[in-house]
Amino acid sequence: MSDQPIRAALLSVYHKDRLAPLVATLRRLGVQLYSTGGTQQFLEEQGAEVTAVEDLTGFPEVFGGRVKTLHPKVFGGILHRRHEPGDLAQAAQHGIPPIDLVVVDLYPFEETVASGAPEADVIEKIDIGGIALLRAAAKNYRDVLVVSSRDQYEAVTQLLEATNGQPTLEDRRQYAAAAFAATSHYDTEIFKYVSQGTTLDGGQALGTTPQAPSTSLRYGENPHQAGAFHGDLGALFDQLHGKQLSYNNLVDVDAAVQLMREFAEGQPAVAILKHTNACGVAQAETLHTAYVNALACDPVSAFGGVIIVNKEVDLATAQELNKLFFEVLIAPSFAADALPILQSKKNRILLLQKPVEFPKKQIKTLLNGIIEQDADLQSETAADFRTVTKSAPTDDETAALVFAGKICKHTKSNTIVLARAGQLLASGVGQTSRVDALRQAIEKAASFGFDLHGAVMASDAFFPFPDCVEIAAAAGVRAVVQPGGSIKDQDSIDACDRLGLAMVLTGVRHFKH
C-alpha cells in the first residue's frame, strides 16, 4: 500500500526528551502502543495506555535487560508483508499483530566512550535490540515507518498530523534511509572502539569494510605523519619492481590513472605528473615520440615524477625513459626486452596496470565529517563545442582544444592550459587568479623554448574579464575553449573577435580543488 495507516507502534528509546508531543499525536490517532522498561513508564506518565512487550510475547525481559524485544511476535509484527496473503495468514495463525511504526533512540555508545567510562560500561551501551528493530523496520519500509533519532520526533509528529497518521511510501523510504545511515554510523563507532589493539587498530578507512586489505605506508605526506592505504591495490596493479609505494606516490598515481583514462583509446599517449598535476602530456604515432614530446614540456619538473602510458612500453621507449630519474612508471604492459632496462634502478617502481571499474563517488574527510560527490566523468569532445566568435577554430585547433580540455580537467584550479594538437606546451596550476595562471603558463612555455604562435588555450572555468584573452593573444594563442557562464562572457567574446581569435564554449566547468 502506498499510504499505510499506522495502527500500532513500538517505542523503545534511551532519551525521553522531545518525545511527549509525538506520544500525544499517537494517542489522538488511536495508535496501539507497545513498549518496554523506562520507555513504558514514560508513556504511562503521559497518560497513554501501553501494552508491555513481555505481555505481547509472553516472555519476560532477561539477562539484565539484554534481551527484551528479540522475539518473533515483535519482529514478525514489523517484518510481515501486508500485501502478501501468505504473510497475513501466518501472522493471524500465530497471533502476531502488525507494528506499523518503530521509534528507537539507541543507547549512547559514542557518548559513553567519550566520557572515559570503563570497558564494561561501554560494552553494555552496545545496543542490540534497538539496532535490530531499526534494521527490520527500515527493511520493511513499504509497510512500516521508522524513526531512528530524537532529532526526528518533531518532524515525524508534524508528518503524522499532516497525513492523519497515513504517511506515504516516499515518506517511509526517506526515514528508512536515515535509519540505515544511523545504524551504519553506530556500527562504525563500535568497530573503532573494539578494534583498538587489534591488527585493525587505528580505525577503518571511509568507504571500506573492516575486511578490506590494509597496508601500512612508510609515512604520510611527511615523515612525522603516519600513513596507511585501505583497499585492494592488487586488483589494480601488479608491482613488478621497486620500493614500497608511499602516501605521496599513491596520491600521484591516482591522479595519473585518472588523467590517462581520458586517453585510453587512440594514439600512444604519455603523461608525466608531479604533485598531482601534469607537467608533460603528449600523443604521437609512437610511444617513444610521445614520451620525448611529453618530457620536452617541462624536463625540470619531470625529475622524480610519476609517468603513465596507455600502450606497451617497448625497447626504444624504455631506453629513453631510463635516462630520467622518476619515481613510478605505470603501463598496461612491458615488452620482454624493455623490462630489464627499467629494472636497472633499484628503487624505481614499475606498475603493471589492470583493468578495473572505478568508484562513481568520491569521498573525502573534512572538518569533523566527510563530503561526498559524484566523480567528474564528463569530458567534452568537438561535438560539445559551441563557437561564439566570428571565426571558428580550424580542424587542427579543434583537435588541440579537445586535447587541452582533457588536461585542464585534471589540473588543480585555477588553471590555464596551453597546447597544440597532441602536446601540452605549458600550464599554470593552482593559482588564486586566472590571470596569474595564464602568466605562469606563458612564462613556463618561454623558459622551455616553446613558440606559442598558433597555440590554443583551455580554462577550467569562465573568464570574468577579457584580460586573459588579451594576454593570450599577445603571446600568440589563436583559439580558446572555456565553459562560459559569466555575466560578462560577451566581453571576452568581443575581445576574441577584435584580436582574431576563435572561442568555443562547453557549458561544463571542471574545477579541481
# chains A, B, ... in the order shown; residues from 1 in each chain; ligands from 1

$ select_by_dssp --residues "range 199-430 of chain A" --states "alpha helix (DSSP H)" --output "JSON, numbers by chain"
{"A": [247, 248, 249, 250, 251, 252, 253, 254, 255, 256, 257, 258, 259, 260, 287, 288, 289, 290, 291, 292, 293, 294, 295, 296, 297, 299, 300, 301, 302, 315, 316, 317, 318, 319, 320, 321, 339, 340, 341, 342, 395, 396, 397, 398, 399, 400, 401, 402, 403, 404, 405, 406, 407, 408, 409]}

$ select_by_dssp --residues "range 281-363 of chain A" --states "strand (DSSP E or B)" --output "list in words"
Val281, Ala282, Gln283, Val306, Ile307, Ile308, Val309, Val313, Val328, Leu329, Ile330, Ala331, Phe334, Ile349, Leu350, Leu351, Leu352, Gln353, Lys361, Gln362 and Ile363 of chain A

$ residues_around --residues "range 321-336 of chain A" --least-positions-apart "6" --cutoff "7 Å" --atoms "only C-alpha atoms" --output "compact mmCIF listing (two decimals) with N, CA, C and O atoms, in the first residue's frame"
# COMPACT_ATOMS: atom_id res chain seq x y z
N PHE A 303 61.64 15.47 -13.20
CA PHE A 303 62.61 14.80 -12.33
C PHE A 303 61.89 14.33 -11.06
O PHE A 303 61.28 15.11 -10.34
N GLY A 304 61.92 13.02 -10.82
CA GLY A 304 61.27 12.46 -9.63
C GLY A 304 59.77 12.33 -9.74
O GLY A 304 59.09 12.15 -8.73
N GLY A 305 59.24 12.41 -10.96
CA GLY A 305 57.80 12.38 -11.14
C GLY A 305 57.22 10.99 -11.32
O GLY A 305 57.90 9.97 -11.18
N VAL A 306 55.93 10.97 -11.64
CA VAL A 306 55.19 9.74 -11.93
C VAL A 306 54.83 9.77 -13.41
O VAL A 306 54.30 10.77 -13.90
N ILE A 307 55.10 8.68 -14.12
CA ILE A 307 54.85 8.61 -15.56
C ILE A 307 53.84 7.51 -15.82
O ILE A 307 53.91 6.42 -15.23
N ILE A 308 52.90 7.79 -16.71
CA ILE A 308 51.90 6.79 -17.09
C ILE A 308 51.76 6.79 -18.60
O ILE A 308 51.85 7.83 -19.25
N VAL A 309 51.59 5.58 -19.17
CA VAL A 309 51.43 5.43 -20.62
C VAL A 309 50.21 4.56 -20.89
O VAL A 309 49.76 3.81 -20.02
N ASN A 310 49.68 4.66 -22.11
CA ASN A 310 48.48 3.89 -22.44
C ASN A 310 48.76 2.71 -23.37
O ASN A 310 47.83 2.02 -23.78
N LYS A 311 50.04 2.48 -23.71
CA LYS A 311 50.42 1.37 -24.58
C LYS A 311 51.58 0.60 -23.96
O LYS A 311 52.22 1.07 -23.01
N GLU A 312 51.88 -0.55 -24.53
CA GLU A 312 53.01 -1.34 -24.03
C GLU A 312 54.30 -0.56 -24.15
O GLU A 312 54.57 0.08 -25.17
N VAL A 313 55.13 -0.63 -23.12
CA VAL A 313 56.44 0.03 -23.15
C VAL A 313 57.39 -0.85 -23.96
O VAL A 313 57.70 -1.98 -23.57
N ASP A 314 57.85 -0.31 -25.09
CA ASP A 314 58.76 -1.06 -25.95
C ASP A 314 60.21 -0.74 -25.62
O ASP A 314 60.50 0.09 -24.74
N LEU A 315 61.12 -1.37 -26.31
CA LEU A 315 62.55 -1.23 -26.02
C LEU A 315 63.02 0.21 -26.20
O LEU A 315 63.71 0.77 -25.33
N LEU A 342 64.42 -1.12 -17.47
CA LEU A 342 63.73 -0.30 -16.49
C LEU A 342 63.98 -0.77 -15.06
O LEU A 342 63.90 0.00 -14.11
N ARG A 348 63.20 2.14 -8.44
CA ARG A 348 62.21 2.58 -9.41
C ARG A 348 60.98 1.65 -9.35
O ARG A 348 61.09 0.44 -9.45
N ILE A 349 59.81 2.25 -9.19
CA ILE A 349 58.57 1.49 -9.05
C ILE A 349 57.94 1.29 -10.42
O ILE A 349 57.66 2.26 -11.12
N LEU A 350 57.73 0.03 -10.79
CA LEU A 350 57.09 -0.32 -12.06
C LEU A 350 55.75 -0.99 -11.77
O LEU A 350 55.72 -2.03 -11.09
N LEU A 351 54.68 -0.41 -12.27
CA LEU A 351 53.34 -0.92 -12.01
C LEU A 351 52.69 -1.37 -13.31
O LEU A 351 52.57 -0.59 -14.26
N LEU A 352 52.27 -2.62 -13.34
CA LEU A 352 51.50 -3.15 -14.45
C LEU A 352 50.03 -2.93 -14.14
O LEU A 352 49.49 -3.51 -13.19
N GLN A 353 49.38 -2.07 -14.92
CA GLN A 353 48.01 -1.70 -14.62
C GLN A 353 47.02 -2.71 -15.18
O GLN A 353 47.13 -3.15 -16.33
N LYS A 354 46.05 -3.07 -14.35
CA LYS A 354 44.99 -4.00 -14.76
C LYS A 354 43.69 -3.21 -14.99
O LYS A 354 43.49 -2.16 -14.38

$ closest_residue --among "A:Glu221, A:Asp100, A:Glu189, A:Glu262" --to "Asp376 in chain A" --atoms "only C-alpha atoms"
A:Glu262

$ closest_residue --among "A:Leu106, A:Val113, A:Ile416, A:Leu259" --to "Leu133 in chain A" --atoms "only C-alpha atoms"
A:Leu106

$ closest_residue --among "A:Arg261, A:Lys406, A:His275, A:Lys488" --to "Pro355 in chain A" --atoms "only C-alpha atoms"
A:Arg261

$ residues_around --residues "Ala137 in chain A" --least-positions-apart "2" --cutoff "12 Å" --atoms "only C-alpha atoms" --output "VMD selection string"
chain A and resid 9 to 10 74 to 81 98 to 104 130 to 135 139 to 148 172 to 173 175 to 180

$ write_last_selection --atoms "C-alpha atoms" --output "short mmCIF file (atom, residue, chain, number, x, y, z; two decimals), in the first residue's frame"
data_model
loop_
_atom_site.label_atom_id
_atom_site.label_comp_id
_atom_site.auth_asym_id
_atom_site.auth_seq_id
_atom_site.Cartn_x
_atom_site.Cartn_y
_atom_site.Cartn_z
CA ALA A 9 3.70 1.50 17.29
CA LEU A 10 6.64 0.14 19.23
CA VAL A 74 7.83 -8.35 17.74
CA PHE A 75 9.86 -8.85 14.59
CA GLY A 76 7.05 -10.71 12.86
CA GLY A 77 4.79 -7.74 13.56
CA ILE A 78 7.34 -5.45 11.89
CA LEU A 79 8.53 -7.64 9.03
CA HIS A 80 5.43 -9.39 7.70
CA ARG A 81 4.35 -8.04 4.33
CA PRO A 98 1.07 -5.56 12.89
CA ILE A 99 3.54 -2.94 14.12
CA ASP A 100 3.46 -0.04 11.67
CA LEU A 101 5.71 2.46 13.47
CA VAL A 102 9.02 1.81 15.22
CA VAL A 103 10.62 4.56 17.31
CA VAL A 104 14.11 3.79 18.62
CA GLY A 130 17.48 -1.32 19.05
CA ILE A 131 19.72 -1.86 16.03
CA ALA A 132 17.73 -4.95 15.06
CA LEU A 133 14.43 -3.06 15.36
CA LEU A 134 15.70 -0.21 13.19
CA ARG A 135 17.01 -2.55 10.50
CA LYS A 139 13.85 -3.12 5.52
CA ASN A 140 10.06 -3.23 5.50
CA TYR A 141 9.60 0.49 4.76
CA ARG A 142 6.86 -0.44 2.30
CA ASP A 143 4.65 -1.04 5.33
CA VAL A 144 6.48 0.48 8.32
CA LEU A 145 7.61 3.98 9.30
CA VAL A 146 10.88 4.00 11.25
CA VAL A 147 12.15 6.81 13.49
CA SER A 148 15.83 6.43 14.36
CA ARG A 172 8.66 5.87 4.77
CA ARG A 173 11.51 5.34 2.32
CA TYR A 175 13.07 7.67 7.04
CA ALA A 176 14.32 4.16 6.22
CA ALA A 177 17.38 5.64 4.50
CA ALA A 178 18.06 7.75 7.59
CA ALA A 179 17.77 4.65 9.79
CA PHE A 180 20.31 2.72 7.74
#

$ closest_atom_pairs --of "range 163-268 of chain A" --to "range 418-442 of chain A" --cutoff "12 Å" --atoms "only C-alpha atoms" --output "JSON lines"
{"residue": "A:Phe263", "atom": "CA", "partner": "A:Gly422", "partner_atom": "CA", "distance": 10.8}
{"residue": "A:Gly266", "atom": "CA", "partner": "A:Gly422", "partner_atom": "CA", "distance": 11.4}
{"residue": "A:Gln267", "atom": "CA", "partner": "A:Gly422", "partner_atom": "CA", "distance": 9.3}
{"residue": "A:Pro268", "atom": "CA", "partner": "A:Gly422", "partner_atom": "CA", "distance": 10.1}

$ residues_around --residues "Ala404 in chain A" --least-positions-apart "2" --cutoff "7 Å" --atoms "only C-alpha atoms" --output "list in words"
Ala400, Leu401, Val402, Lys406, Ile407, Cys408, Val417, Leu418, Ala419 and Ala458 of chain A

$ atom_distance --atom1 "CA of Asp491 in chain A" --atom2 "CA of Pro466 in chain A"
5.7 Å

$ closest_residue --among "A:Val156, A:Leu287, A:Val53, A:Leu250" --to "His230 in chain A" --atoms "only C-alpha atoms"
A:Leu250

$ residues_around --residues "range 493-496 of chain A" --least-positions-apart "2" --cutoff "7 Å" --atoms "only C-alpha atoms" --output "mmCIF file with N, CA and C atoms, in the first residue's frame"
data_model
loop_
_atom_site.group_PDB
_atom_site.id
_atom_site.type_symbol
_atom_site.label_atom_id
_atom_site.label_comp_id
_atom_site.auth_asym_id
_atom_site.auth_seq_id
_atom_site.Cartn_x
_atom_site.Cartn_y
_atom_site.Cartn_z
ATOM 1 N N VAL A 388 31.373 30.783 -30.531
ATOM 2 C CA VAL A 388 30.676 32.030 -30.198
ATOM 3 C C VAL A 388 31.335 33.256 -30.834
ATOM 4 N N THR A 389 32.438 33.030 -31.563
ATOM 5 C CA THR A 389 33.140 34.134 -32.206
ATOM 6 C C THR A 389 32.854 34.129 -33.706
ATOM 7 N N PRO A 466 37.970 40.304 -19.930
ATOM 8 C CA PRO A 466 38.651 39.962 -21.184
ATOM 9 C C PRO A 466 40.170 39.933 -21.073
ATOM 10 N N VAL A 469 42.069 36.758 -22.390
ATOM 11 C CA VAL A 469 42.065 36.672 -23.854
ATOM 12 C C VAL A 469 43.096 37.614 -24.443
ATOM 13 N N GLU A 470 43.171 38.818 -23.909
ATOM 14 C CA GLU A 470 44.109 39.818 -24.436
ATOM 15 C C GLU A 470 45.558 39.401 -24.203
ATOM 16 N N ASP A 489 30.555 37.215 -20.282
ATOM 17 C CA ASP A 489 31.100 36.379 -21.364
ATOM 18 C C ASP A 489 31.304 37.185 -22.644
ATOM 19 N N GLN A 490 30.367 38.060 -22.922
ATOM 20 C CA GLN A 490 30.434 38.788 -24.189
ATOM 21 C C GLN A 490 31.676 39.657 -24.286
ATOM 22 N N ASP A 491 32.179 40.137 -23.136
ATOM 23 C CA ASP A 491 33.394 40.951 -23.166
ATOM 24 C C ASP A 491 34.575 40.152 -23.709
ATOM 25 N N ARG A 498 37.912 40.990 -31.830
ATOM 26 C CA ARG A 498 38.787 42.140 -32.112
ATOM 27 C C ARG A 498 40.212 41.702 -32.406
ATOM 28 N N LEU A 499 40.649 40.621 -31.740
ATOM 29 C CA LEU A 499 42.047 40.190 -31.853
ATOM 30 C C LEU A 499 42.229 39.018 -32.818
ATOM 31 N N GLY A 500 41.143 38.524 -33.411
ATOM 32 C CA GLY A 500 41.244 37.459 -34.401
ATOM 33 C C GLY A 500 41.355 36.059 -33.836
ATOM 34 N N LEU A 501 40.842 35.847 -32.628
ATOM 35 C CA LEU A 501 40.868 34.520 -32.015
ATOM 36 C C LEU A 501 39.517 33.839 -32.194
ATOM 37 N N ALA A 502 39.538 32.524 -32.204
ATOM 38 C CA ALA A 502 38.305 31.735 -32.163
ATOM 39 C C ALA A 502 38.063 31.308 -30.720
ATOM 40 N N MET A 503 36.789 31.299 -30.322
ATOM 41 C CA MET A 503 36.438 30.845 -28.968
ATOM 42 C C MET A 503 35.258 29.894 -29.037
#

$ residues_around --residues "Ala294 in chain A" --least-positions-apart "5" --cutoff "9 Å" --atoms "only C-alpha atoms" --output "ChimeraX atom specification"
/A:269-272,279-283,289,299,423-425

$ write_last_selection --atoms "all heavy atoms" --output "mmCIF file, in the first residue's frame"
data_model
loop_
_atom_site.group_PDB
_atom_site.id
_atom_site.type_symbol
_atom_site.label_atom_id
_atom_site.label_comp_id
_atom_site.auth_asym_id
_atom_site.auth_seq_id
_atom_site.Cartn_x
_atom_site.Cartn_y
_atom_site.Cartn_z
ATOM 1 N N ALA A 269 49.947 7.559 -25.840
ATOM 2 C CA ALA A 269 49.930 8.758 -25.012
ATOM 3 C C ALA A 269 50.819 8.562 -23.793
ATOM 4 O O ALA A 269 50.932 7.459 -23.260
ATOM 5 C CB ALA A 269 48.505 9.091 -24.576
ATOM 6 N N VAL A 270 51.441 9.655 -23.366
ATOM 7 C CA VAL A 270 52.300 9.658 -22.186
ATOM 8 C C VAL A 270 51.951 10.878 -21.346
ATOM 9 O O VAL A 270 51.763 11.979 -21.887
ATOM 10 C CB VAL A 270 53.792 9.720 -22.566
ATOM 11 C CG1 VAL A 270 54.669 9.843 -21.312
ATOM 12 C CG2 VAL A 270 54.197 8.503 -23.377
ATOM 13 N N ALA A 271 51.846 10.691 -20.041
ATOM 14 C CA ALA A 271 51.652 11.806 -19.118
ATOM 15 C C ALA A 271 52.689 11.707 -18.010
ATOM 16 O O ALA A 271 52.952 10.621 -17.494
ATOM 17 C CB ALA A 271 50.245 11.796 -18.534
ATOM 18 N N ILE A 272 53.273 12.842 -17.673
ATOM 19 C CA ILE A 272 54.231 12.939 -16.580
ATOM 20 C C ILE A 272 53.628 13.872 -15.535
ATOM 21 O O ILE A 272 53.214 14.990 -15.861
ATOM 22 C CB ILE A 272 55.590 13.490 -17.057
ATOM 23 C CG1 ILE A 272 56.095 12.685 -18.253
ATOM 24 C CG2 ILE A 272 56.604 13.475 -15.918
ATOM 25 C CD1 ILE A 272 57.325 13.284 -18.921
ATOM 26 N N CYS A 279 52.929 17.757 -15.795
ATOM 27 C CA CYS A 279 53.971 18.671 -16.257
ATOM 28 C C CYS A 279 54.402 18.293 -17.669
ATOM 29 O O CYS A 279 55.289 18.934 -18.247
ATOM 30 C CB CYS A 279 55.156 18.683 -15.304
ATOM 31 S SG CYS A 279 55.918 17.075 -14.996
ATOM 32 N N GLY A 280 53.797 17.267 -18.230
ATOM 33 C CA GLY A 280 54.046 16.886 -19.606
ATOM 34 C C GLY A 280 53.001 15.885 -20.055
ATOM 35 O O GLY A 280 52.744 14.905 -19.353
ATOM 36 N N VAL A 281 52.374 16.145 -21.196
ATOM 37 C CA VAL A 281 51.415 15.215 -21.787
ATOM 38 C C VAL A 281 51.573 15.295 -23.297
ATOM 39 O O VAL A 281 51.684 16.390 -23.857
ATOM 40 C CB VAL A 281 49.950 15.553 -21.432
ATOM 41 C CG1 VAL A 281 49.004 14.498 -22.010
ATOM 42 C CG2 VAL A 281 49.760 15.667 -19.925
ATOM 43 N N ALA A 282 51.588 14.132 -23.952
ATOM 44 C CA ALA A 282 51.695 14.138 -25.405
ATOM 45 C C ALA A 282 51.106 12.868 -25.992
ATOM 46 O O ALA A 282 51.100 11.809 -25.351
ATOM 47 C CB ALA A 282 53.147 14.288 -25.846
ATOM 48 N N GLN A 283 50.624 12.997 -27.219
ATOM 49 C CA GLN A 283 50.194 11.877 -28.032
ATOM 50 C C GLN A 283 50.964 11.927 -29.348
ATOM 51 O O GLN A 283 51.242 13.010 -29.873
ATOM 52 C CB GLN A 283 48.699 11.947 -28.329
ATOM 53 C CG GLN A 283 47.802 11.498 -27.194
ATOM 54 C CD GLN A 283 46.347 11.484 -27.592
ATOM 55 O OE1 GLN A 283 45.753 12.532 -27.819
ATOM 56 N NE2 GLN A 283 45.764 10.285 -27.682
ATOM 57 N N THR A 289 58.009 8.687 -29.338
ATOM 58 C CA THR A 289 57.842 10.094 -29.696
ATOM 59 C C THR A 289 56.950 10.815 -28.695
ATOM 60 O O THR A 289 57.212 11.962 -28.312
ATOM 61 C CB THR A 289 57.255 10.221 -31.110
ATOM 62 O OG1 THR A 289 58.117 9.556 -32.031
ATOM 63 C CG2 THR A 289 57.102 11.675 -31.519
ATOM 64 N N PRO A 299 61.106 19.366 -18.530
ATOM 65 C CA PRO A 299 62.026 18.330 -18.062
ATOM 66 C C PRO A 299 62.522 18.557 -16.638
ATOM 67 O O PRO A 299 62.968 17.612 -15.989
ATOM 68 C CB PRO A 299 63.183 18.406 -19.076
ATOM 69 C CG PRO A 299 63.087 19.774 -19.670
ATOM 70 C CD PRO A 299 61.640 20.121 -19.668
ATOM 71 N N GLN A 423 50.189 17.840 -27.858
ATOM 72 C CA GLN A 423 51.299 18.182 -26.962
ATOM 73 C C GLN A 423 50.918 19.326 -26.019
ATOM 74 O O GLN A 423 50.474 20.392 -26.450
ATOM 75 C CB GLN A 423 52.554 18.583 -27.739
ATOM 76 C CG GLN A 423 53.768 18.803 -26.825
ATOM 77 C CD GLN A 423 55.031 19.153 -27.583
ATOM 78 O OE1 GLN A 423 54.982 19.652 -28.709
ATOM 79 N NE2 GLN A 423 56.187 18.893 -26.983
ATOM 80 N N LEU A 424 51.097 19.073 -24.727
ATOM 81 C CA LEU A 424 50.994 20.130 -23.733
ATOM 82 C C LEU A 424 52.231 21.014 -23.845
ATOM 83 O O LEU A 424 53.359 20.516 -23.861
ATOM 84 C CB LEU A 424 50.913 19.524 -22.325
ATOM 85 C CG LEU A 424 50.993 20.482 -21.131
ATOM 86 C CD1 LEU A 424 49.789 21.416 -21.116
ATOM 87 C CD2 LEU A 424 51.090 19.695 -19.827
ATOM 88 N N LEU A 425 52.020 22.322 -23.923
ATOM 89 C CA LEU A 425 53.146 23.261 -24.001
ATOM 90 C C LEU A 425 53.472 23.830 -22.625
ATOM 91 O O LEU A 425 54.646 23.974 -22.282
ATOM 92 C CB LEU A 425 52.821 24.396 -24.978
ATOM 93 C CG LEU A 425 52.489 23.957 -26.412
ATOM 94 C CD1 LEU A 425 52.185 25.170 -27.275
ATOM 95 C CD2 LEU A 425 53.639 23.141 -27.011
#
